[in-house]
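Colleague: Handing over run.pdb, PDB, C-alpha atoms, pLDDT in the B column.
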```pdb
ATOM      1  CA  MET A  24     121.005 121.208 -55.685  1.00 43.00           C
ATOM      2  CA  GLN A  25     117.556 120.503 -54.289  1.00 56.00           C
ATOM      3  CA  GLY A  26     116.974 117.472 -52.174  1.00 79.00           C
ATOM      4  CA  GLU A  27     117.707 115.766 -48.939  1.00 91.00           C
ATOM      5  CA  THR A  28     121.351 114.982 -49.754  1.00 91.00           C
ATOM      6  CA  ALA A  29     122.133 118.598 -50.645  1.00 93.00           C
ATOM      7  CA  ASP A  30     120.437 119.771 -47.449  1.00 94.00           C
ATOM      8  CA  ARG A  31     122.452 117.305 -45.352  1.00 95.00           C
ATOM      9  CA  ILE A  32     125.642 118.473 -47.059  1.00 96.00           C
ATOM     10  CA  LEU A  33     124.757 122.117 -46.339  1.00 96.00           C
ATOM     11  CA  GLN A  34     123.934 121.437 -42.682  1.00 94.00           C
ATOM     12  CA  THR A  35     127.125 119.458 -42.189  1.00 95.00           C
ATOM     13  CA  ALA A  36     129.203 122.150 -43.887  1.00 95.00           C
ATOM     14  CA  LYS A  37     127.610 124.818 -41.689  1.00 93.00           C
ATOM     15  CA  THR A  38     128.507 122.837 -38.566  1.00 92.00           C
ATOM     16  CA  LEU A  39     132.061 122.252 -39.772  1.00 93.00           C
ATOM     17  CA  ILE A  40     132.522 125.926 -40.633  1.00 93.00           C
ATOM     18  CA  SER A  41     131.233 126.876 -37.184  1.00 89.00           C
ATOM     19  CA  ASP A  42     133.512 124.349 -35.486  1.00 87.00           C
ATOM     20  CA  LEU A  43     136.629 124.615 -37.642  1.00 89.00           C
ATOM     21  CA  GLY A  44     136.459 127.594 -39.979  1.00 90.00           C
ATOM     22  CA  TYR A  45     136.830 127.600 -43.762  1.00 94.00           C
ATOM     23  CA  SER A  46     140.339 126.265 -44.155  1.00 91.00           C
ATOM     24  CA  ALA A  47     140.176 123.388 -41.683  1.00 91.00           C
ATOM     25  CA  PHE A  48     137.370 121.311 -43.201  1.00 93.00           C
ATOM     26  CA  SER A  49     137.317 119.282 -46.383  1.00 94.00           C
ATOM     27  CA  TYR A  50     134.918 117.352 -48.569  1.00 95.00           C
ATOM     28  CA  ALA A  51     136.325 114.210 -46.935  1.00 95.00           C
ATOM     29  CA  ASP A  52     135.010 115.461 -43.565  1.00 95.00           C
ATOM     30  CA  ILE A  53     131.574 116.031 -45.070  1.00 96.00           C
ATOM     31  CA  ALA A  54     131.576 112.687 -46.887  1.00 95.00           C
ATOM     32  CA  GLU A  55     132.349 110.895 -43.631  1.00 95.00           C
ATOM     33  CA  ALA A  56     129.701 112.757 -41.634  1.00 93.00           C
ATOM     34  CA  VAL A  57     126.962 112.398 -44.262  1.00 93.00           C
ATOM     35  CA  GLN A  58     128.036 108.869 -45.289  1.00 94.00           C
ATOM     36  CA  ILE A  59     128.362 109.641 -48.993  1.00 94.00           C
ATOM     37  CA  ARG A  60     131.221 109.709 -51.476  1.00 94.00           C
ATOM     38  CA  LYS A  61     133.126 112.918 -52.165  1.00 94.00           C
ATOM     39  CA  ALA A  62     131.963 112.676 -55.783  1.00 93.00           C
ATOM     40  CA  SER A  63     128.374 113.079 -54.574  1.00 92.00           C
ATOM     41  CA  ILE A  64     129.303 116.317 -52.832  1.00 94.00           C
ATOM     42  CA  HIS A  65     131.031 117.569 -56.001  1.00 94.00           C
ATOM     43  CA  HIS A  66     127.861 116.716 -57.945  1.00 93.00           C
ATOM     44  CA  HIS A  67     125.872 119.156 -55.773  1.00 94.00           C
ATOM     45  CA  PHE A  68     128.662 121.657 -55.081  1.00 95.00           C
ATOM     46  CA  PRO A  69     131.518 121.506 -57.614  1.00 96.00           C
ATOM     47  CA  THR A  70     133.903 123.487 -55.396  1.00 96.00           C
ATOM     48  CA  LYS A  71     134.328 124.240 -51.731  1.00 96.00           C
ATOM     49  CA  ALA A  72     133.677 127.905 -52.504  1.00 97.00           C
ATOM     50  CA  ASN A  73     130.345 126.958 -54.153  1.00 96.00           C
ATOM     51  CA  LEU A  74     129.396 125.010 -51.056  1.00 97.00           C
ATOM     52  CA  VAL A  75     130.301 127.778 -48.624  1.00 97.00           C
ATOM     53  CA  VAL A  76     128.489 130.369 -50.758  1.00 97.00           C
ATOM     54  CA  ALA A  77     125.369 128.170 -50.587  1.00 97.00           C
ATOM     55  CA  VAL A  78     125.756 127.861 -46.800  1.00 96.00           C
ATOM     56  CA  LEU A  79     126.104 131.639 -46.453  1.00 97.00           C
ATOM     57  CA  LYS A  80     123.111 132.313 -48.707  1.00 97.00           C
ATOM     58  CA  ALA A  81     120.985 129.936 -46.609  1.00 95.00           C
ATOM     59  CA  HIS A  82     122.305 131.611 -43.433  1.00 94.00           C
ATOM     60  CA  ARG A  83     121.412 135.058 -44.804  1.00 96.00           C
ATOM     61  CA  GLU A  84     117.971 133.812 -45.832  1.00 96.00           C
ATOM     62  CA  GLY A  85     117.464 132.586 -42.273  1.00 94.00           C
ATOM     63  CA  LEU A  86     118.590 135.982 -41.007  1.00 94.00           C
ATOM     64  CA  ALA A  87     116.101 137.733 -43.312  1.00 96.00           C
ATOM     65  CA  GLN A  88     113.244 135.502 -42.173  1.00 96.00           C
ATOM     66  CA  GLY A  89     114.177 135.866 -38.508  1.00 95.00           C
ATOM     67  CA  THR A  90     114.560 139.638 -38.570  1.00 97.00           C
ATOM     68  CA  GLN A  91     111.353 140.025 -40.592  1.00 97.00           C
ATOM     69  CA  PHE A  92     109.540 137.918 -37.997  1.00 97.00           C
ATOM     70  CA  LEU A  93     110.958 140.047 -35.162  1.00 97.00           C
ATOM     71  CA  THR A  94     109.963 143.257 -36.947  1.00 97.00           C
ATOM     72  CA  GLN A  95     106.418 142.026 -37.539  1.00 97.00           C
ATOM     73  CA  LYS A  96     105.858 140.495 -34.095  1.00 97.00           C
ATOM     74  CA  ILE A  97     107.643 142.914 -31.753  1.00 98.00           C
ATOM     75  CA  ASP A  98     106.562 146.530 -31.936  1.00 97.00           C
ATOM     76  CA  ASP A  99     109.108 147.918 -29.463  1.00 97.00           C
ATOM     77  CA  PRO A 100     112.522 148.314 -31.168  1.00 97.00           C
ATOM     78  CA  LEU A 101     114.455 147.749 -27.910  1.00 97.00           C
ATOM     79  CA  ALA A 102     112.511 144.544 -27.234  1.00 97.00           C
ATOM     80  CA  ARG A 103     113.184 143.502 -30.840  1.00 97.00           C
ATOM     81  CA  LEU A 104     116.932 143.943 -30.412  1.00 98.00           C
ATOM     82  CA  ARG A 105     116.709 142.117 -27.086  1.00 97.00           C
ATOM     83  CA  ALA A 106     114.953 139.197 -28.830  1.00 97.00           C
ATOM     84  CA  TYR A 107     117.693 139.109 -31.479  1.00 97.00           C
ATOM     85  CA  ILE A 108     120.321 138.907 -28.742  1.00 97.00           C
ATOM     86  CA  GLN A 109     118.276 136.304 -26.865  1.00 96.00           C
ATOM     87  CA  TYR A 110     118.274 134.101 -29.968  1.00 94.00           C
ATOM     88  CA  TRP A 111     122.083 134.095 -29.994  1.00 94.00           C
ATOM     89  CA  GLU A 112     122.304 133.663 -26.237  1.00 93.00           C
ATOM     90  CA  ASP A 113     120.105 130.569 -26.485  1.00 92.00           C
ATOM     91  CA  CYS A 114     122.234 129.214 -29.356  1.00 90.00           C
ATOM     92  CA  ILE A 115     125.401 129.744 -27.332  1.00 90.00           C
ATOM     93  CA  ARG A 116     123.935 128.149 -24.191  1.00 89.00           C
ATOM     94  CA  ASP A 117     122.579 125.047 -25.924  1.00 88.00           C
ATOM     95  CA  LYS A 118     125.549 124.915 -28.326  1.00 82.00           C
ATOM     96  CA  SER A 119     123.191 124.594 -31.304  1.00 81.00           C
ATOM     97  CA  GLN A 120     124.934 127.438 -33.148  1.00 77.00           C
ATOM     98  CA  PRO A 121     127.578 128.964 -30.904  1.00 72.00           C
ATOM     99  CA  PHE A 122     128.798 131.505 -33.434  1.00 83.00           C
ATOM    100  CA  CYS A 123     127.455 133.354 -36.470  1.00 90.00           C
ATOM    101  CA  ILE A 124     129.203 131.660 -39.390  1.00 92.00           C
ATOM    102  CA  ALA A 125     129.400 134.903 -41.360  1.00 94.00           C
ATOM    103  CA  ALA A 126     131.209 136.556 -38.445  1.00 92.00           C
ATOM    104  CA  LEU A 127     133.482 133.552 -38.114  1.00 91.00           C
ATOM    105  CA  LEU A 128     134.315 133.656 -41.816  1.00 94.00           C
ATOM    106  CA  ALA A 129     134.893 137.420 -41.645  1.00 94.00           C
ATOM    107  CA  ALA A 130     137.925 136.662 -39.481  1.00 92.00           C
ATOM    108  CA  GLU A 131     139.306 134.600 -42.386  1.00 93.00           C
ATOM    109  CA  LEU A 132     138.324 137.118 -45.072  1.00 94.00           C
ATOM    110  CA  PRO A 133     141.778 137.780 -46.594  1.00 94.00           C
ATOM    111  CA  SER A 134     142.281 134.089 -47.373  1.00 94.00           C
ATOM    112  CA  LEU A 135     138.766 133.353 -48.672  1.00 96.00           C
ATOM    113  CA  PRO A 136     137.809 133.058 -52.355  1.00 97.00           C
ATOM    114  CA  GLU A 137     136.258 136.223 -53.788  1.00 97.00           C
ATOM    115  CA  GLU A 138     132.735 134.770 -54.057  1.00 97.00           C
ATOM    116  CA  VAL A 139     132.801 133.746 -50.390  1.00 97.00           C
ATOM    117  CA  ARG A 140     134.082 137.184 -49.338  1.00 97.00           C
ATOM    118  CA  PHE A 141     131.189 138.740 -51.270  1.00 98.00           C
ATOM    119  CA  GLU A 142     128.609 136.587 -49.435  1.00 97.00           C
ATOM    120  CA  VAL A 143     130.134 137.430 -46.044  1.00 97.00           C
ATOM    121  CA  GLN A 144     129.885 141.117 -46.929  1.00 97.00           C
ATOM    122  CA  GLN A 145     126.256 140.701 -48.019  1.00 97.00           C
ATOM    123  CA  HIS A 146     125.414 139.136 -44.664  1.00 97.00           C
ATOM    124  CA  PHE A 147     126.976 142.030 -42.760  1.00 97.00           C
ATOM    125  CA  LEU A 148     125.181 144.563 -44.965  1.00 97.00           C
ATOM    126  CA  ALA A 149     121.823 142.843 -44.429  1.00 97.00           C
ATOM    127  CA  LEU A 150     122.263 142.564 -40.669  1.00 98.00           C
ATOM    128  CA  SER A 151     123.553 146.109 -40.172  1.00 98.00           C
ATOM    129  CA  GLY A 152     120.709 147.407 -42.365  1.00 98.00           C
ATOM    130  CA  TRP A 153     118.096 145.720 -40.185  1.00 98.00           C
ATOM    131  CA  ILE A 154     119.767 146.974 -37.001  1.00 98.00           C
ATOM    132  CA  ARG A 155     119.972 150.517 -38.428  1.00 98.00           C
ATOM    133  CA  GLU A 156     116.284 150.471 -39.395  1.00 98.00           C
ATOM    134  CA  THR A 157     115.383 149.200 -35.920  1.00 98.00           C
ATOM    135  CA  LEU A 158     117.460 151.932 -34.277  1.00 98.00           C
ATOM    136  CA  GLU A 159     115.862 154.598 -36.504  1.00 98.00           C
ATOM    137  CA  GLU A 160     112.429 153.323 -35.527  1.00 97.00           C
ATOM    138  CA  GLY A 161     113.454 153.485 -31.865  1.00 97.00           C
ATOM    139  CA  ILE A 162     114.475 157.117 -32.303  1.00 96.00           C
ATOM    140  CA  ARG A 163     111.136 157.946 -33.956  1.00 96.00           C
ATOM    141  CA  LYS A 164     109.248 156.194 -31.147  1.00 95.00           C
ATOM    142  CA  ARG A 165     111.502 157.812 -28.531  1.00 94.00           C
ATOM    143  CA  THR A 166     112.449 154.488 -26.959  1.00 93.00           C
ATOM    144  CA  LEU A 167     116.116 154.526 -27.989  1.00 96.00           C
ATOM    145  CA  LYS A 168     118.863 157.132 -27.726  1.00 95.00           C
ATOM    146  CA  LEU A 169     121.968 157.078 -29.872  1.00 95.00           C
ATOM    147  CA  GLN A 170     125.294 158.768 -29.377  1.00 93.00           C
ATOM    148  CA  GLY A 171     126.265 158.517 -33.044  1.00 95.00           C
ATOM    149  CA  THR A 172     124.526 158.188 -36.382  1.00 96.00           C
ATOM    150  CA  PRO A 173     122.147 155.241 -36.816  1.00 97.00           C
ATOM    151  CA  GLU A 174     124.622 153.665 -39.272  1.00 97.00           C
ATOM    152  CA  ASP A 175     127.561 154.030 -36.867  1.00 97.00           C
ATOM    153  CA  GLU A 176     125.493 152.753 -33.949  1.00 97.00           C
ATOM    154  CA  ALA A 177     124.274 149.783 -36.023  1.00 98.00           C
ATOM    155  CA  GLN A 178     127.876 148.867 -36.812  1.00 97.00           C
ATOM    156  CA  MET A 179     128.810 149.228 -33.150  1.00 97.00           C
ATOM    157  CA  PHE A 180     125.884 147.100 -31.997  1.00 97.00           C
ATOM    158  CA  MET A 181     126.658 144.397 -34.557  1.00 97.00           C
ATOM    159  CA  ALA A 182     130.352 144.408 -33.625  1.00 97.00           C
ATOM    160  CA  THR A 183     129.454 144.212 -29.936  1.00 97.00           C
ATOM    161  CA  VAL A 184     127.214 141.173 -30.455  1.00 96.00           C
ATOM    162  CA  HIS A 185     129.833 139.425 -32.606  1.00 95.00           C
ATOM    163  CA  GLY A 186     132.591 140.347 -30.153  1.00 95.00           C
ATOM    164  CA  ALA A 187     130.500 138.974 -27.296  1.00 95.00           C
ATOM    165  CA  MET A 188     130.127 135.716 -29.256  1.00 94.00           C
ATOM    166  CA  LEU A 189     133.891 135.568 -29.628  1.00 92.00           C
ATOM    167  CA  SER A 190     134.484 136.206 -25.917  1.00 94.00           C
ATOM    168  CA  ALA A 191     131.873 133.617 -24.940  1.00 93.00           C
ATOM    169  CA  ARG A 192     133.525 131.080 -27.227  1.00 89.00           C
ATOM    170  CA  ALA A 193     137.052 131.836 -26.023  1.00 91.00           C
ATOM    171  CA  LEU A 194     136.096 131.709 -22.347  1.00 92.00           C
ATOM    172  CA  GLY A 195     133.470 128.970 -22.633  1.00 89.00           C
ATOM    173  CA  SER A 196     130.864 131.107 -20.888  1.00 89.00           C
ATOM    174  CA  SER A 197     127.504 132.275 -22.187  1.00 90.00           C
ATOM    175  CA  ASP A 198     127.410 134.571 -19.141  1.00 94.00           C
ATOM    176  CA  ILE A 199     130.036 136.754 -20.840  1.00 95.00           C
ATOM    177  CA  PHE A 200     127.787 137.094 -23.883  1.00 94.00           C
ATOM    178  CA  GLN A 201     124.849 138.058 -21.684  1.00 95.00           C
ATOM    179  CA  ALA A 202     126.835 140.641 -19.701  1.00 96.00           C
ATOM    180  CA  VAL A 203     128.264 142.355 -22.780  1.00 96.00           C
ATOM    181  CA  THR A 204     125.000 142.437 -24.723  1.00 96.00           C
ATOM    182  CA  THR A 205     122.999 143.616 -21.716  1.00 96.00           C
ATOM    183  CA  SER A 206     125.369 146.589 -21.460  1.00 95.00           C
ATOM    184  CA  ALA A 207     124.939 147.274 -25.182  1.00 95.00           C
ATOM    185  CA  LEU A 208     121.155 147.389 -24.799  1.00 96.00           C
ATOM    186  CA  GLN A 209     121.344 149.579 -21.692  1.00 95.00           C
ATOM    187  CA  ARG A 210     123.577 152.013 -23.557  1.00 93.00           C
ATOM    188  CA  ILE A 211     120.869 152.771 -26.142  1.00 94.00           C
ATOM    189  CA  SER A 212     117.774 152.446 -23.969  1.00 92.00           C
ATOM    190  CA  MET A 213     115.799 155.518 -22.939  1.00 81.00           C
ATOM    191  CA  ARG A 214     114.585 153.567 -19.913  1.00 69.00           C
ATOM    192  CA  LYS A 215     116.624 153.552 -16.758  1.00 55.00           C
ATOM    193  CA  SER A 216     117.498 150.051 -15.553  1.00 50.00           C
TER     194      SER A 216
END
```
Would it be possible to restate this file's structure as structure tokens?
Modeller:
Amino acid sequence: MQGETADRILQTAKTLISDLGYSAFSYADIAEAVQIRKASIHHHFPTKANLVVAVLKAHREGLAQGTQFLTQKIDDPLARLRAYIQYWEDCIRDKSQPFCIAALLAAELPSLPEEVRFEVQQHFLALSGWIRETLEEGIRKRTLKLQGTPEDEAQMFMATVHGAMLSARALGSSDIFQAVTTSALQRISMRKS
């Protein structure tokens, strides 16, 4: 699976998933975009489920690297969460990645193959775990206040960010994303805005 062709297939699949969802893209779409035969795609990824699992694993690896970087570089938990949101706001504004593909696929969960459902779940567990740890650190440092348990608040924060992505996509406005996520940060901040 290593190599330039496999990477181009993965990137194209990620874009197609983001644009169309799981059910609406095919190997023919990828073959046309990458300028290869469908057989070449099957050589690297025997099934569509294999391909989407690989895309989700790469997406989760990117999430792990990004959140680790934020944790190491930004001491203040609120600023760290703000930087996470800013990443998505920038992606929405420049249309480089207007929606988290794991969140997008979660909407299709009942119709997805089992191995794809598992990878979507793993992404949500990894993200909510990082958010929960960041919230717990904010409580210890007395920079964040929570109304519920750290786990419940992590789920709420994650759902708010994903919901804001959905609203921004539906309404074609990154301003919606910014307004919703700003309110989410204000809700947990000890600082008065």
Colleague: Pull the neighbourhood of (124.4, 146.0, -43.1) for me: all residues within 12 Å in file coordinates, counting only C-alpha atoms, as JSON, numbers by chain.
Modeller: {"A": [83, 86, 87, 143, 144, 145, 146, 147, 148, 149, 150, 151, 152, 153, 154, 155, 156, 157, 173, 174, 175, 176, 177, 178, 179, 180, 181, 182]}
Colleague: Neighbouring residues of Trp111 in chain A were defined as those with any atom within 10 Å, considering only C-alpha atoms; residues of the same chain fewer than 3 positions away were excluded. Please report them as a ChimeraX atom specification.
Modeller: /A:106-108,114-123,184-185,188,197,200-201
Colleague: Please identify all polymer residues within 12 Å of Phe141 in chain A, counting only C-alpha atoms, omitting same-chain residues fewer than 3 positions from it, and present them as a ChimeraX atom specification.
Modeller: /A:72,75-76,79-80,125,128-129,132-133,135-138,144-148
Colleague: Residues of range 56-152 of chain A that approach range 24-38 of chain A to 9 Å or less, counting all atoms listed in the file: could you list each one with the shortest pair of atoms and its distance in Å to one decimal, rows by chain and increasing residue number, as CSV?
Modeller:
```
residue,atom,partner,partner_atom,distance
A:Ala56,CA,A:Thr35,CA,7.2
A:Val57,CA,A:Arg31,CA,6.8
A:Ile59,CA,A:Thr28,CA,8.8
A:Ser63,CA,A:Thr28,CA,8.7
A:Ile64,CA,A:Ile32,CA,7.2
A:His66,CA,A:Met24,CA,8.5
A:His67,CA,A:Met24,CA,5.3
A:Phe68,CA,A:Met24,CA,7.7
A:Leu74,CA,A:Leu33,CA,7.2
A:Val75,CA,A:Ala36,CA,7.4
A:Ala77,CA,A:Leu33,CA,7.4
A:Val78,CA,A:Leu33,CA,5.8
A:Leu79,CA,A:Lys37,CA,8.5
A:Ala81,CA,A:Leu33,CA,8.7
A:His82,CA,A:Lys37,CA,8.8
A:Gln120,CA,A:Thr38,CA,8.0
A:Ile124,CA,A:Lys37,CA,7.4
```
Colleague: Could you please take those selected residues and save C-alpha atoms as a PDB file, in the frame of the given file?
Modeller:
```pdb
ATOM      1  CA  ALA A  56     129.701 112.757 -41.634  1.00 93.00           C
ATOM      2  CA  VAL A  57     126.962 112.398 -44.262  1.00 93.00           C
ATOM      3  CA  ILE A  59     128.362 109.641 -48.993  1.00 94.00           C
ATOM      4  CA  SER A  63     128.374 113.079 -54.574  1.00 92.00           C
ATOM      5  CA  ILE A  64     129.303 116.317 -52.832  1.00 94.00           C
ATOM      6  CA  HIS A  66     127.861 116.716 -57.945  1.00 93.00           C
ATOM      7  CA  HIS A  67     125.872 119.156 -55.773  1.00 94.00           C
ATOM      8  CA  PHE A  68     128.662 121.657 -55.081  1.00 95.00           C
ATOM      9  CA  LEU A  74     129.396 125.010 -51.056  1.00 97.00           C
ATOM     10  CA  VAL A  75     130.301 127.778 -48.624  1.00 97.00           C
ATOM     11  CA  ALA A  77     125.369 128.170 -50.587  1.00 97.00           C
ATOM     12  CA  VAL A  78     125.756 127.861 -46.800  1.00 96.00           C
ATOM     13  CA  LEU A  79     126.104 131.639 -46.453  1.00 97.00           C
ATOM     14  CA  ALA A  81     120.985 129.936 -46.609  1.00 95.00           C
ATOM     15  CA  HIS A  82     122.305 131.611 -43.433  1.00 94.00           C
ATOM     16  CA  GLN A 120     124.934 127.438 -33.148  1.00 77.00           C
ATOM     17  CA  ILE A 124     129.203 131.660 -39.390  1.00 92.00           C
TER      18      ILE A 124
END
```
Colleague: Could you make a table, as a tab-separated table, of the residues of range 191-216 of chain A that have an atom within 6 Å of an atom of range 160-167 of chain A, each with its nearest atom pair and distance in Å to one decimal, counting all atoms listed in the file, in chain and number order?
Modeller:
```
residue	atom	partner	partner_atom	distance
A:Ile211	CA	A:Leu167	CA	5.4
A:Ser212	CA	A:Leu167	CA	4.8
A:Met213	CA	A:Leu167	CA	5.2
```
Colleague: So the first atom is CA of Arg140 in chain A and the second is CA of Asn73 in chain A; what is the distance between them in Å, to one decimal place?
Modeller: 11.9 Å
Colleague: Which is closest to Arg105 in chain A among A:Thr205, A:Arg60, A:Gly171, A:Arg210, if we use all atoms listed in the file?
Modeller: A:Thr205
Colleague: Distance CA of Ala102 in chain A-CA of Leu208 in chain A, one decimal place?
Modeller: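 We find that CA of Ala102 in chain A and CA of Leu208 in chain A lie 9.4 Å from each other.
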Colleague: Applying 9 Å and only C-alpha atoms, which residues near Tyr50 in chain A remain after dropping the ones on its own chain fewer than 2 positions away? List them as a count of residues only.
Modeller: 11
Colleague: Could you please determine the separation between CA of Tyr45 in chain A and CA of Arg192 in chain A in Å, to one decimal place?
Modeller: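 Atom-to-atom, CA of Tyr45 in chain A and CA of Arg192 in chain A are spaced 17.2 Å apart.
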Colleague: Restricting the calculation to only C-alpha atoms: of A:Thr204, A:Thr70, A:Leu104, A:Gln88, which residue gets closest to Gly186 in chain A?
Modeller: A:Thr204
